[in-house]
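Student: I'd like to ask you about the structure that follows.
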Amino acid sequence: MTARAEFAVRANASVGLSPTWDVGTDTLLWTDLRAHSAHRYAPDDTDHAMDVPQQISAAKPRTRGGLLLHFDEGIALFDADGKSRTWLTFWAREGVRAGESTIDTRGRLWANTVPEQHGGDGWLVRVDARGAAHVVLRGVAAGNGLAFSPDDTRLYFVDSATHRVDVLGFDAQSGEAGGRRPLLAIDGEPGGLCTDADGCLWITVRDRGEVRRYAPSGELDRTIQLPAQRPTSCCLGGADLTDLYVTTAREGLASPGEADGAVLVVPGVGNGLRSYSFTG
């Protein structure tokens with residue numbers, strides 16, 4: 001597919017992550033992992049950054065206002081007053097950093113962790129409004145993209161080390177997920193992903209400079225080539241949820257270009273699903 005990526009934020013992020021369209025404010029939340037910063041971008045070309053005390057992989061909206069922050073050491077809540085930060089759940093372990101996360105339709109958090117060393121033990125966890133954490137998967141080598149199907153019966157999960165997208169059966173009422181099975185293989189390193197209203201998956205391929213759209217059956221539907229070498233994650237946003245936002249990374253590139261580390265947008269290419277807020 002021929003589509004033109006434009007600059008949303010001309011940033012120099014070391015590792016930009018977790019773009020999330022906040023439907024309550026019509027803004028884009030995203031983070032720079034290494035720079036210890038959470039960002040809120042408005043389509044009027046303003047990008048506000050908030051410095052935080054450690055590596056952060058995601059910032060998500062809360063129903064009570066403020067933000068949920070996914071740190072290396074656990075999950076924290078940042079109040080709407082912009083001053084108070086409290087730990088919701090704390091799991092600090094040496095050699096494990098924060099990975100991708102998402103919020104389900106009932107307002108629960110699903111979060112991955114990433115071992116810093118090859119062969120380490122990461123996990124996928126579900127966190128409820130009161131901070132109770134339930135481990136869903138163990139032995140995760142490089143926990144990355146997470147997204148739900150529009151009918152709330154599937155949880156899509158990426159362990160980048162496997163070069164696959166897997167699917168788990170999901171029960172929205174109980175929050176239980178299981179029966180993990182491979183859905184599709186990627187000839188590259190899959191990163192973050194999102195789903196659209198047609199049930200298709202949009203997946204960043206880190207070492208190909210691409211975003212790909214796959215049908216729910218796992219068949220490749222389209223490919224969008226980006227001007228950035230290392231896209232990390234994506235979401236559909238904008239006023240009509242039709243614009244594809246993509247975070248990128250500069251870290252480790254011998255010759256980074258202008259788009260490496262920026263937040264990109266590809267206008268009018270999809271039909272997105274609304275994001276949800278954490279209920280805690």
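Here's how to read the names in the structure tokens: chain A, B, ... by the order shown, residue numbers from 1 in each chain, ligand numbers from 1 in the order shown.
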Could you pull the residues within 9 Å of A:Glu6, counting only C-alpha atoms, minus those fewer than 4 positions along the same chain, as a list in words?
Tutor: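 Using only C-alpha atoms, the neighbours found are Val263, Leu264, Val265, Val266 and Pro267 of chain A.
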Student: Taking only stretch 36-277 of chain A into account, list the residues labelled strand (DSSP E) by DSSP (computed from the backbone), as a PyMOL selection string.
Tutor: chain A and resi 37-42+46-51+56-61+67-71+74-78+85-90+96-103+109-115+122-127+133-140+143-148+154-159+164-171+176-185+190-195+201-205+210-214+220-225+231-237+243-248+263-266
Student: If we count only C-alpha atoms and set the cut-off at 6 Å, which residues sit around A:Arg108, ignoring sequence neighbours fewer than 5 positions away in its own chain? Please answer as a ChimeraX atom specification.
Tutor: /A:103,127-128,278
Student: With all heavy atoms retained, write the just-selected residues as a short mmCIF file (atom, residue, chain, number, x, y, z; two decimals), in the first residue's frame.
Tutor:
```cif
data_model
loop_
_atom_site.label_atom_id
_atom_site.label_comp_id
_atom_site.auth_asym_id
_atom_site.auth_seq_id
_atom_site.Cartn_x
_atom_site.Cartn_y
_atom_site.Cartn_z
N ILE A 103 -4.91 -1.65 28.18
CA ILE A 103 -6.05 -1.65 29.10
C ILE A 103 -7.21 -2.36 28.42
O ILE A 103 -7.53 -2.05 27.26
CB ILE A 103 -6.47 -0.22 29.47
CG1 ILE A 103 -5.28 0.60 29.97
CG2 ILE A 103 -7.59 -0.25 30.51
CD1 ILE A 103 -4.71 0.18 31.27
N VAL A 127 -3.36 -6.59 36.07
CA VAL A 127 -3.43 -5.82 37.31
C VAL A 127 -4.81 -5.18 37.41
O VAL A 127 -5.23 -4.47 36.48
CB VAL A 127 -2.33 -4.73 37.36
CG1 VAL A 127 -2.41 -3.96 38.68
CG2 VAL A 127 -0.95 -5.34 37.17
N ASP A 128 -5.51 -5.42 38.52
CA ASP A 128 -6.84 -4.84 38.67
C ASP A 128 -6.79 -3.48 39.36
O ASP A 128 -5.71 -2.99 39.71
CB ASP A 128 -7.78 -5.80 39.40
CG ASP A 128 -7.39 -6.06 40.86
OD1 ASP A 128 -6.69 -5.22 41.46
OD2 ASP A 128 -7.79 -7.12 41.39
N PHE A 278 -7.75 3.06 32.74
CA PHE A 278 -7.60 2.21 33.91
C PHE A 278 -8.55 2.69 35.01
O PHE A 278 -8.66 3.88 35.28
CB PHE A 278 -6.15 2.26 34.41
CG PHE A 278 -5.87 1.37 35.59
CD1 PHE A 278 -5.91 0.00 35.45
CD2 PHE A 278 -5.56 1.92 36.82
CE1 PHE A 278 -5.66 -0.84 36.53
CE2 PHE A 278 -5.29 1.10 37.90
CZ PHE A 278 -5.33 -0.28 37.76
#
```
Student: Given only C-alpha atoms, how would the per-residue table for stretch 139-243 of chain A near stretch 248-262 of chain A read, listing every residue at most 10 Å away with its closest atom pair and distance in Å to one decimal, sorted by chain and number, as a tab-separated table?
Tutor:
```
residue	atom	partner	partner_atom	distance
A:Thr204	CA	A:Thr248	CA	9.5
A:Arg206	CA	A:Thr248	CA	8.6
A:Gly209	CA	A:Thr248	CA	9.3
A:Leu226	CA	A:Ala259	CA	8.8
A:Pro227	CA	A:Ala259	CA	6.1
A:Ala228	CA	A:Asp260	CA	4.9
A:Gln229	CA	A:Asp260	CA	6.4
A:Arg230	CA	A:Ala249	CA	5.5
A:Pro231	CA	A:Thr248	CA	4.2
A:Thr232	CA	A:Thr248	CA	5.1
A:Ser233	CA	A:Thr248	CA	7.3
A:Cys234	CA	A:Thr248	CA	9.2
```
Student: So that I can see what lies close to A:Gln225, please list as an mmCIF file with N, CA, C and O atoms, in the first residue's frame the residues with an atom at most 8 Å from it, counting only C-alpha atoms and leaving out residues fewer than 3 positions away in the same chain.
Tutor:
```cif
data_model
loop_
_atom_site.group_PDB
_atom_site.id
_atom_site.type_symbol
_atom_site.label_atom_id
_atom_site.label_comp_id
_atom_site.auth_asym_id
_atom_site.auth_seq_id
_atom_site.Cartn_x
_atom_site.Cartn_y
_atom_site.Cartn_z
ATOM 1 N N ALA A 3 1.348 4.776 1.154
ATOM 2 C CA ALA A 3 0.864 5.700 2.168
ATOM 3 C C ALA A 3 2.040 6.519 2.648
ATOM 4 O O ALA A 3 3.154 6.002 2.753
ATOM 5 N N GLY A 209 11.602 -1.586 9.242
ATOM 6 C CA GLY A 209 11.097 -0.244 9.001
ATOM 7 C C GLY A 209 9.690 -0.242 8.447
ATOM 8 O O GLY A 209 9.350 0.597 7.614
ATOM 9 N N GLU A 210 8.849 -1.153 8.937
ATOM 10 C CA GLU A 210 7.513 -1.333 8.375
ATOM 11 C C GLU A 210 6.453 -1.412 9.472
ATOM 12 O O GLU A 210 6.734 -1.784 10.611
ATOM 13 N N VAL A 211 5.224 -1.092 9.068
ATOM 14 C CA VAL A 211 4.033 -1.496 9.799
ATOM 15 C C VAL A 211 3.229 -2.379 8.852
ATOM 16 O O VAL A 211 3.022 -2.022 7.689
#
```
Student: Counting only C-alpha atoms, which residue out of A:Thr195, A:Arg222, A:Pro190, A:Gly107 sits closest to A:Asp207?
Tutor: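 The closest residue to A:Asp207 is A:Pro190.
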Student: Under the rule of at most 12 Å, produce a per-residue listing of stretch 184-203 of chain A near stretch 16-27 of chain A: chain, number, name, the closest pair of atoms, and the distance in Å, as a tab-separated table, using only C-alpha atoms.
Tutor:
```
residue	atom	partner	partner_atom	distance
A:Gly191	CA	A:Leu17	CA	9.7
A:Gly192	CA	A:Ser18	CA	7.4
A:Leu193	CA	A:Ser18	CA	9.2
A:Cys194	CA	A:Thr20	CA	9.7
```
Student: Include N, CA and C atoms and write out the residues we just selected as a PDB file, in the first residue's frame.
Tutor:
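As written to disk, part21.pdb reads:
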```pdb
ATOM      1  N   GLY A 191       7.154  -5.923  16.999  1.00  0.00           N
ATOM      2  CA  GLY A 191       7.169  -5.061  18.175  1.00  0.00           C
ATOM      3  C   GLY A 191       5.779  -4.866  18.716  1.00  0.00           C
ATOM      4  N   GLY A 192       5.370  -3.596  18.883  1.00  0.00           N
ATOM      5  CA  GLY A 192       4.049  -3.289  19.380  1.00  0.00           C
ATOM      6  C   GLY A 192       2.990  -3.466  18.313  1.00  0.00           C
ATOM      7  N   LEU A 193       1.743  -3.587  18.749  1.00  0.00           N
ATOM      8  CA  LEU A 193       0.646  -3.799  17.798  1.00  0.00           C
ATOM      9  C   LEU A 193      -0.625  -3.160  18.328  1.00  0.00           C
ATOM     10  N   CYS A 194      -1.592  -3.042  17.423  1.00  0.00           N
ATOM     11  CA  CYS A 194      -2.939  -2.629  17.797  1.00  0.00           C
ATOM     12  C   CYS A 194      -3.920  -3.348  16.890  1.00  0.00           C
TER      13      CYS A 194
END
```
Student: Could I get the residues of stretch 194-268 of chain A with an atom no further than 9 Å from an atom of stretch 147-158 of chain A, each paired with its nearest atom pair and that distance in Å to one decimal, using only C-alpha atoms, sorted by chain and residue number, as JSON lines?
Tutor:
```
{"residue": "A:Cys194", "atom": "CA", "partner": "A:Ala147", "partner_atom": "CA", "distance": 5.5}
{"residue": "A:Thr195", "atom": "CA", "partner": "A:Ala147", "partner_atom": "CA", "distance": 6.3}
{"residue": "A:Asp196", "atom": "CA", "partner": "A:Pro150", "partner_atom": "CA", "distance": 7.4}
{"residue": "A:Ala197", "atom": "CA", "partner": "A:Pro150", "partner_atom": "CA", "distance": 6.2}
{"residue": "A:Asp198", "atom": "CA", "partner": "A:Pro150", "partner_atom": "CA", "distance": 7.7}
{"residue": "A:Gly199", "atom": "CA", "partner": "A:Ser149", "partner_atom": "CA", "distance": 5.8}
{"residue": "A:Cys200", "atom": "CA", "partner": "A:Ser149", "partner_atom": "CA", "distance": 8.2}
{"residue": "A:Leu201", "atom": "CA", "partner": "A:Ala147", "partner_atom": "CA", "distance": 8.5}
{"residue": "A:Pro216", "atom": "CA", "partner": "A:Ser149", "partner_atom": "CA", "distance": 8.7}
```
Student: Could you name the residues that touch stretch 71-82 of chain A at 8 Å or less, counting only C-alpha atoms, but leaving out those on the same chain fewer than 3 positions away, as a PyMOL selection string?
Tutor: chain A and resi 54-58+64-68+85-93+96-98+113
Student: If you measure from atom CA of A:His163 to atom CA of A:Asp32, what distance in Å do you get, rounded to one decimal?
Tutor: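 It comes out at 23.6 Å.
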Student: Please compute the atom CA of A:Ser160-atom CA of A:Gly122 distance, one decimal, in Å.
Tutor: 12.0 Å
Student: Smallest atom-to-atom distance to A:Arg180: which of A:Arg62, A:Arg164, A:Arg274, A:Arg40, using only C-alpha atoms?
Tutor: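 Residue with the minimum atom-to-atom distance to A:Arg180: A:Arg164.
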Student: Using only C-alpha atoms, find the one residue out of A:Pro43, A:Gly169, A:Gly131, A:Gly175 that sits nearest to A:Asp104.
Tutor: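 Smallest distance to A:Asp104 is found for A:Gly175.
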